[in-house]
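Peer 1: The structure that follows is given in the form of structure tokens.
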Amino acid sequence: MSLDPPPYLGSLQNNIRQRPIPWDGAARQGSITEGQLAKIRAVDKVKKEQRKQVVEGDLDGYRILFVGEPGTPGVLESASKRSDVVQYILVLLSDLLDGVPALAKALCKDSDPYRHFLPLLAHSNNPEDPIPLLTSTVLATLMANSRDESPSAEHAQPLILSYLCGLTKNSNDAGLQDIAVMEYSSLLYSRSSRQLFWKQRSETVTPLIEILQKAAGIGESSSASLWSGNTTTRSAGFEGLSGGVGLQLLYHVLLVLWQLSFEAEDIGDDLDDEYDIVLLYTQLLRLSPKEKTTRLLLSTLYNLLEANPSTLLPAAILARLPALLQNVSGRHLTDPDLQEDLEKLKEMLEEYSKTKTTFDEYVAEVQSGHLRWSPPHRHQVFWAENARKILEFENGEIPRKMADIMKKPWENDKAVLAIACNDIGCLVREVPEKRYQLEKLGLKTRIMELMQDSDENVRWESLRALGGWLKYSFENN
């Protein structure tokens with residue numbers, strides 16, 4: 001997938017191309033050999049077509065120039081003490097990889113073409129040093145163009161991802177963030193590379209999700225405000241480019257996560273468990289200002305839901321995605337791929353909605369890890385019909401999940417604790433003989449603790465829940 005380089009990278013490369021390098025002096029000093037210099041001059045500052053012919057006519061020679069061979073060091077190794085030469089060579093190699101597709105495959109004939117590049121990612125601690133950034137660009141292009149899946153590539157990719165992670169976390173420099181995200185995109189060329197990317201998700205995926213959360217205007221409260229329905233739309237998010245998230249960076253982040261969604265069958269559930277991805281994407285879709293961002297959002301959602309229908313379709317219903325899709329249908333859309341994904345998503349959700357029950361909705365809400373005052377919580381008939389079923393579902397999965405939810409303080413959304421207390425009280429009231437099952441999970445103890453909570457509603461609901469326990473305790477005495 002070819003994308004124009006970010007302006008900062010293009011400007012840096014242009015500046016280095018225009019610098020005069022005293023090649024003859026470098027050769028006399030032994031920084032480079034006469035043979036290396038001849039190969040450099042044959043492709044330096046010549047027309048692209050001539051450059052391509054020269055390299056294609058001597059692929060082995062240019063492989064040896066850049067990565068060396070036993071007994072013959074490559075030019076980066078030879079010139080390692082000359083930063084000006086190293087910078088120039090990295091830009092030249094980047095140009096050659098872009099202009100001569102066969103070169104990447106030729107370099108990968110070496111058993112480990114990355115060994116002399118990887119140390120340059122940690123060339124210095126000076127943030128102004130361009131060598132690490134230029135090196136990551138070369139490595140990403142080399143891997144992407146060769147589609148290398150060798151053991152040496154598998155070893156190198158985590159190191160490259162760790163370097164790029166440092167750039168994506170630099171929220172003060174959107175230019176560096178964009179470079180890193182575009183290089184992420186070029187690296188996700190195979191299933192194994194996407195799996196490696198996911199394996200390092202605390203470094204790779206988490207900063208991208210944080211960028212999207214900023215763009216959606218939900219900040220540090222994460223998904224709490226979305227679940228509670230307290231977000232403001234259009235006052236934050238894309239239209240105001242919340243948190244300085246520009247449209248280009250936003251598009252590239254969405255592109256990377258779309259590529260990752262092709263592994264949805266393996267990672268979809270974890271992606272939603274850890275990042276509330278369905279809820280976040282529903283909010284982003286609500287705010288999406290351009291067809292190109294809307295297309296990526298819809299396509300990613302389709303990939304996720306289609307691969308994980310039993311778990312993520314309920315999450316989509318909870319996030320009110322079906323109503324939003326109707327709204328999106330009313331927009332003036334011209335992209336046929338976007339329209340196709342939109343219709344497929346609507347059909348999938350409509351089909352699911354025909355068969356789902358209120359019990360399914362409740363289970364999905366608890367499994368999402370975030371409760372809101374949806375209709376079942378206050379509906380006495382629901383509890384009379386489903387309390388025992390809730391306790392017995394998947395050998396007690398729902399009470400265990402409820403215990404996990406209640407362990408958290410929920411400082412940004414105290415309603416979750418109030419709702420959990422309400423639900424536990426309903427279970428005790430409807431199935432009192434099972435209250436010991438709840439006590440073993442620590443739920444009675446936690447409810448007693450919440451009677452001292454700072455939130456009035458939490459205190460009230462915990463008192464009501466505890467009342468059920470006390471009632472049946474007195475009756476049994």
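The chains in the structure tokens are called A, B, ... from first to last as shown; in each chain the residues are counted from 1, and the ligands are counted from 1 in the order shown.
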Got a sec: who's within 9 Å of Lys414 of chain A, counting only C-alpha atoms, leaving out chain neighbours fewer than 5 positions off, as an mmCIF file with all heavy atoms, in the first residue's frame?
Peer 2:
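Writing done, so here's part25.cif:
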data_model
loop_
_atom_site.group_PDB
_atom_site.id
_atom_site.type_symbol
_atom_site.label_atom_id
_atom_site.label_comp_id
_atom_site.auth_asym_id
_atom_site.auth_seq_id
_atom_site.Cartn_x
_atom_site.Cartn_y
_atom_site.Cartn_z
ATOM 1 N N PRO A 409 -12.829 0.800 41.296
ATOM 2 C CA PRO A 409 -13.414 1.957 41.991
ATOM 3 C C PRO A 409 -14.387 2.767 41.136
ATOM 4 O O PRO A 409 -15.241 3.471 41.679
ATOM 5 C CB PRO A 409 -12.184 2.808 42.352
ATOM 6 C CG PRO A 409 -11.151 2.433 41.326
ATOM 7 C CD PRO A 409 -11.396 0.988 41.008
ATOM 8 N N ILE A 419 -25.482 0.252 39.792
ATOM 9 C CA ILE A 419 -26.216 -0.743 38.997
ATOM 10 C C ILE A 419 -25.861 -2.151 39.448
ATOM 11 O O ILE A 419 -26.724 -3.028 39.590
ATOM 12 C CB ILE A 419 -25.895 -0.561 37.496
ATOM 13 C CG1 ILE A 419 -26.369 0.816 37.013
ATOM 14 C CG2 ILE A 419 -26.548 -1.665 36.659
ATOM 15 C CD1 ILE A 419 -25.785 1.231 35.673
ATOM 16 N N ASP A 455 -20.421 8.275 46.840
ATOM 17 C CA ASP A 455 -21.559 8.567 45.961
ATOM 18 C C ASP A 455 -22.881 8.153 46.631
ATOM 19 O O ASP A 455 -23.032 7.012 47.093
ATOM 20 C CB ASP A 455 -21.395 7.821 44.632
ATOM 21 C CG ASP A 455 -22.471 8.172 43.639
ATOM 22 O OD1 ASP A 455 -22.284 9.146 42.887
ATOM 23 O OD2 ASP A 455 -23.506 7.470 43.618
ATOM 24 N N ASN A 457 -25.889 7.584 45.399
ATOM 25 C CA ASN A 457 -26.635 6.511 44.728
ATOM 26 C C ASN A 457 -26.023 5.143 45.006
ATOM 27 O O ASN A 457 -26.747 4.147 45.161
ATOM 28 C CB ASN A 457 -26.688 6.762 43.222
ATOM 29 C CG ASN A 457 -27.552 7.955 42.875
ATOM 30 O OD1 ASN A 457 -28.562 8.203 43.520
ATOM 31 N ND2 ASN A 457 -27.137 8.711 41.860
ATOM 32 N N VAL A 458 -24.697 5.093 45.064
ATOM 33 C CA VAL A 458 -24.021 3.827 45.383
ATOM 34 C C VAL A 458 -24.383 3.400 46.807
ATOM 35 O O VAL A 458 -24.686 2.222 47.060
ATOM 36 C CB VAL A 458 -22.491 3.959 45.211
ATOM 37 C CG1 VAL A 458 -21.781 2.681 45.686
ATOM 38 C CG2 VAL A 458 -22.135 4.238 43.755
#
Peer 1: Quick one: residues within 9 Å of Ser150 of chain A, only C-alpha atoms, excluding same-chain residues fewer than 4 positions away - as a list in words?
Peer 2: Cys108, Ser111, Asp112, Glu154 and His155 of chain A
Peer 1: Skipping near chain neighbours, those fewer than 5 positions away, what residues fall within 10 Å of Met143 of chain A using only C-alpha atoms, listed as a compact mmCIF listing (two decimals) with C-alpha atoms, in the first residue's frame?
Peer 2:
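Dumped everything to result.txt:
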# COMPACT_ATOMS: atom_id res chain seq x y z
CA ALA A 104 14.53 -5.45 -1.66
CA LYS A 105 14.38 -9.12 -2.67
CA CYS A 108 17.02 -10.35 1.52
CA TYR A 114 19.02 -6.25 9.04
CA VAL A 138 14.67 1.91 5.33
CA ASP A 148 10.11 -10.95 4.18
CA GLU A 149 8.90 -13.61 6.63
CA ALA A 153 12.71 -10.53 9.82
CA ALA A 156 13.99 -7.58 13.60
CA GLN A 157 10.34 -6.56 13.54
CA SER A 186 3.76 -0.85 5.70
CA LEU A 187 4.93 -3.54 8.14
CA LEU A 188 1.52 -5.26 8.43
CA TYR A 189 1.94 -7.10 5.13
Peer 1: Between atom CA of Arg147 of chain A and atom CA of Gln87 of chain A, measure the distance and give it in Å to one decimal.
Peer 2: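 Spanning atom CA of Arg147 of chain A to atom CA of Gln87 of chain A is a straight-line distance of 24.8 Å.
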Peer 1: Got a sec: who's within 10 Å of segment 70-73 of chain A, counting only C-alpha atoms, leaving out chain neighbours fewer than 5 positions off, as a VMD selection string?
Peer 2: chain A and resid 32 to 33 64 to 65 78 to 79 116
Peer 1: Between A:Thr204, A:Ser374, A:Ser94, A:Thr168, which is the closest to Leu134 of chain A once you count only C-alpha atoms?
Peer 2: A:Ser94
Peer 1: In Å to one decimal, how far is atom CA of Glu69 of chain A from atom CA of Ile89 of chain A?
Peer 2: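 According to the coordinates, atom CA of Ile89 of chain A and atom CA of Glu69 of chain A are separated by 17.6 Å.
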Peer 1: Any chance you could list, as number ranges by chain, the residues in segment 393-426 of chain A that come up helix (DSSP H, G or I) when DSSP is run on the backbone?
Peer 2: A: 393-395, 397-407, 415-426
Peer 1: When you count only C-alpha atoms, which of these residues is closest to Ala26 of chain A: A:Leu417, A:Leu271, A:Val86, A:Ala307?
Peer 2: A:Val86
Peer 1: For the atom pair atom CA of Pro158 of chain A and atom CA of Leu139 of chain A, what is the interatomic distance in Å to one decimal place?
Peer 2: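 It comes out at 11.9 Å.
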Peer 1: Neighbouring residues of Asp272 of chain A were defined as those with any atom within 10 Å, considering only C-alpha atoms; residues of the same chain fewer than 6 positions away were excluded. Please report them as a compact mmCIF listing (two decimals) with all heavy atoms, in the first residue's frame.
Peer 2:
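Output contents, as saved in result_28.txt:
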# COMPACT_ATOMS: atom_id res chain seq x y z
N VAL A 278 -15.61 -1.73 19.82
CA VAL A 278 -16.90 -1.55 19.14
C VAL A 278 -17.54 -0.24 19.59
O VAL A 278 -18.05 0.54 18.77
CB VAL A 278 -17.83 -2.75 19.41
CG1 VAL A 278 -19.22 -2.47 18.86
CG2 VAL A 278 -17.25 -4.02 18.78
N LEU A 279 -17.50 0.02 20.87
CA LEU A 279 -18.06 1.26 21.40
C LEU A 279 -17.30 2.48 20.87
O LEU A 279 -17.90 3.48 20.45
CB LEU A 279 -18.02 1.23 22.92
CG LEU A 279 -18.57 2.46 23.64
CD1 LEU A 279 -20.07 2.60 23.41
CD2 LEU A 279 -18.28 2.38 25.13
N LEU A 280 -15.97 2.41 20.90
CA LEU A 280 -15.14 3.52 20.43
C LEU A 280 -15.39 3.80 18.95
O LEU A 280 -15.56 4.95 18.53
CB LEU A 280 -13.66 3.20 20.66
CG LEU A 280 -12.65 4.21 20.13
CD1 LEU A 280 -12.86 5.59 20.75
CD2 LEU A 280 -11.22 3.72 20.38
N LEU A 304 -14.67 -7.19 12.31
CA LEU A 304 -14.73 -7.63 13.70
C LEU A 304 -16.02 -8.38 14.00
O LEU A 304 -15.99 -9.46 14.61
CB LEU A 304 -14.61 -6.42 14.62
CG LEU A 304 -13.25 -5.71 14.65
CD1 LEU A 304 -13.35 -4.39 15.41
CD2 LEU A 304 -12.18 -6.60 15.28
N THR A 311 -20.08 -12.72 20.33
CA THR A 311 -19.63 -11.81 21.38
C THR A 311 -19.74 -10.34 20.99
O THR A 311 -20.07 -9.50 21.83
CB THR A 311 -18.16 -12.11 21.75
OG1 THR A 311 -17.38 -12.17 20.55
CG2 THR A 311 -18.05 -13.43 22.50
N LEU A 312 -19.46 -10.02 19.73
CA LEU A 312 -19.38 -8.60 19.36
C LEU A 312 -20.68 -8.04 18.80
O LEU A 312 -20.90 -6.82 18.87
CB LEU A 312 -18.23 -8.37 18.38
CG LEU A 312 -16.84 -8.71 18.92
CD1 LEU A 312 -15.76 -8.20 17.98
CD2 LEU A 312 -16.63 -8.15 20.32
N ALA A 315 -22.37 -6.58 21.70
CA ALA A 315 -21.68 -5.33 22.07
C ALA A 315 -22.11 -4.19 21.14
O ALA A 315 -22.26 -3.04 21.56
CB ALA A 315 -20.17 -5.52 22.00
N SER A 368 -19.47 -7.03 28.67
CA SER A 368 -18.74 -5.86 28.17
C SER A 368 -17.90 -5.24 29.28
O SER A 368 -16.96 -4.49 29.00
CB SER A 368 -19.72 -4.81 27.64
OG SER A 368 -20.35 -4.11 28.70
Peer 1: Using only C-alpha atoms, determine which residues lie at most 12 Å from Gln29 of chain A, disregarding the query and same-chain residues fewer than 5 positions distant; provide the list as JSON, numbers by chain.
Peer 2: {"A": [22, 23, 24, 34, 78, 79, 81, 82]}
Peer 1: Using only C-alpha atoms, which of A:Arg372, A:Arg388, A:Lys354, A:Lys52 sits nearest Pro432 of chain A?
Peer 2: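 That would be A:Arg388, the residue with the smallest distance to Pro432 of chain A.
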Peer 1: Using only C-alpha atoms for the distances, tell me which of A:Ile405, A:Leu103, A:Leu441, A:Leu59 is nearest to Gln367 of chain A.
Peer 2: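 Looking at the shortest contact to Gln367 of chain A, the residue is A:Ile405.
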Peer 1: Taking only C-alpha atoms into account, which of A:Lys169, A:Leu470, A:Glu433, A:Asn126 comes nearest Met448 of chain A?
Peer 2: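 Of A:Lys169, A:Leu470, A:Glu433, A:Asn126, the one nearest Met448 of chain A, counting only C-alpha atoms, is A:Leu470.
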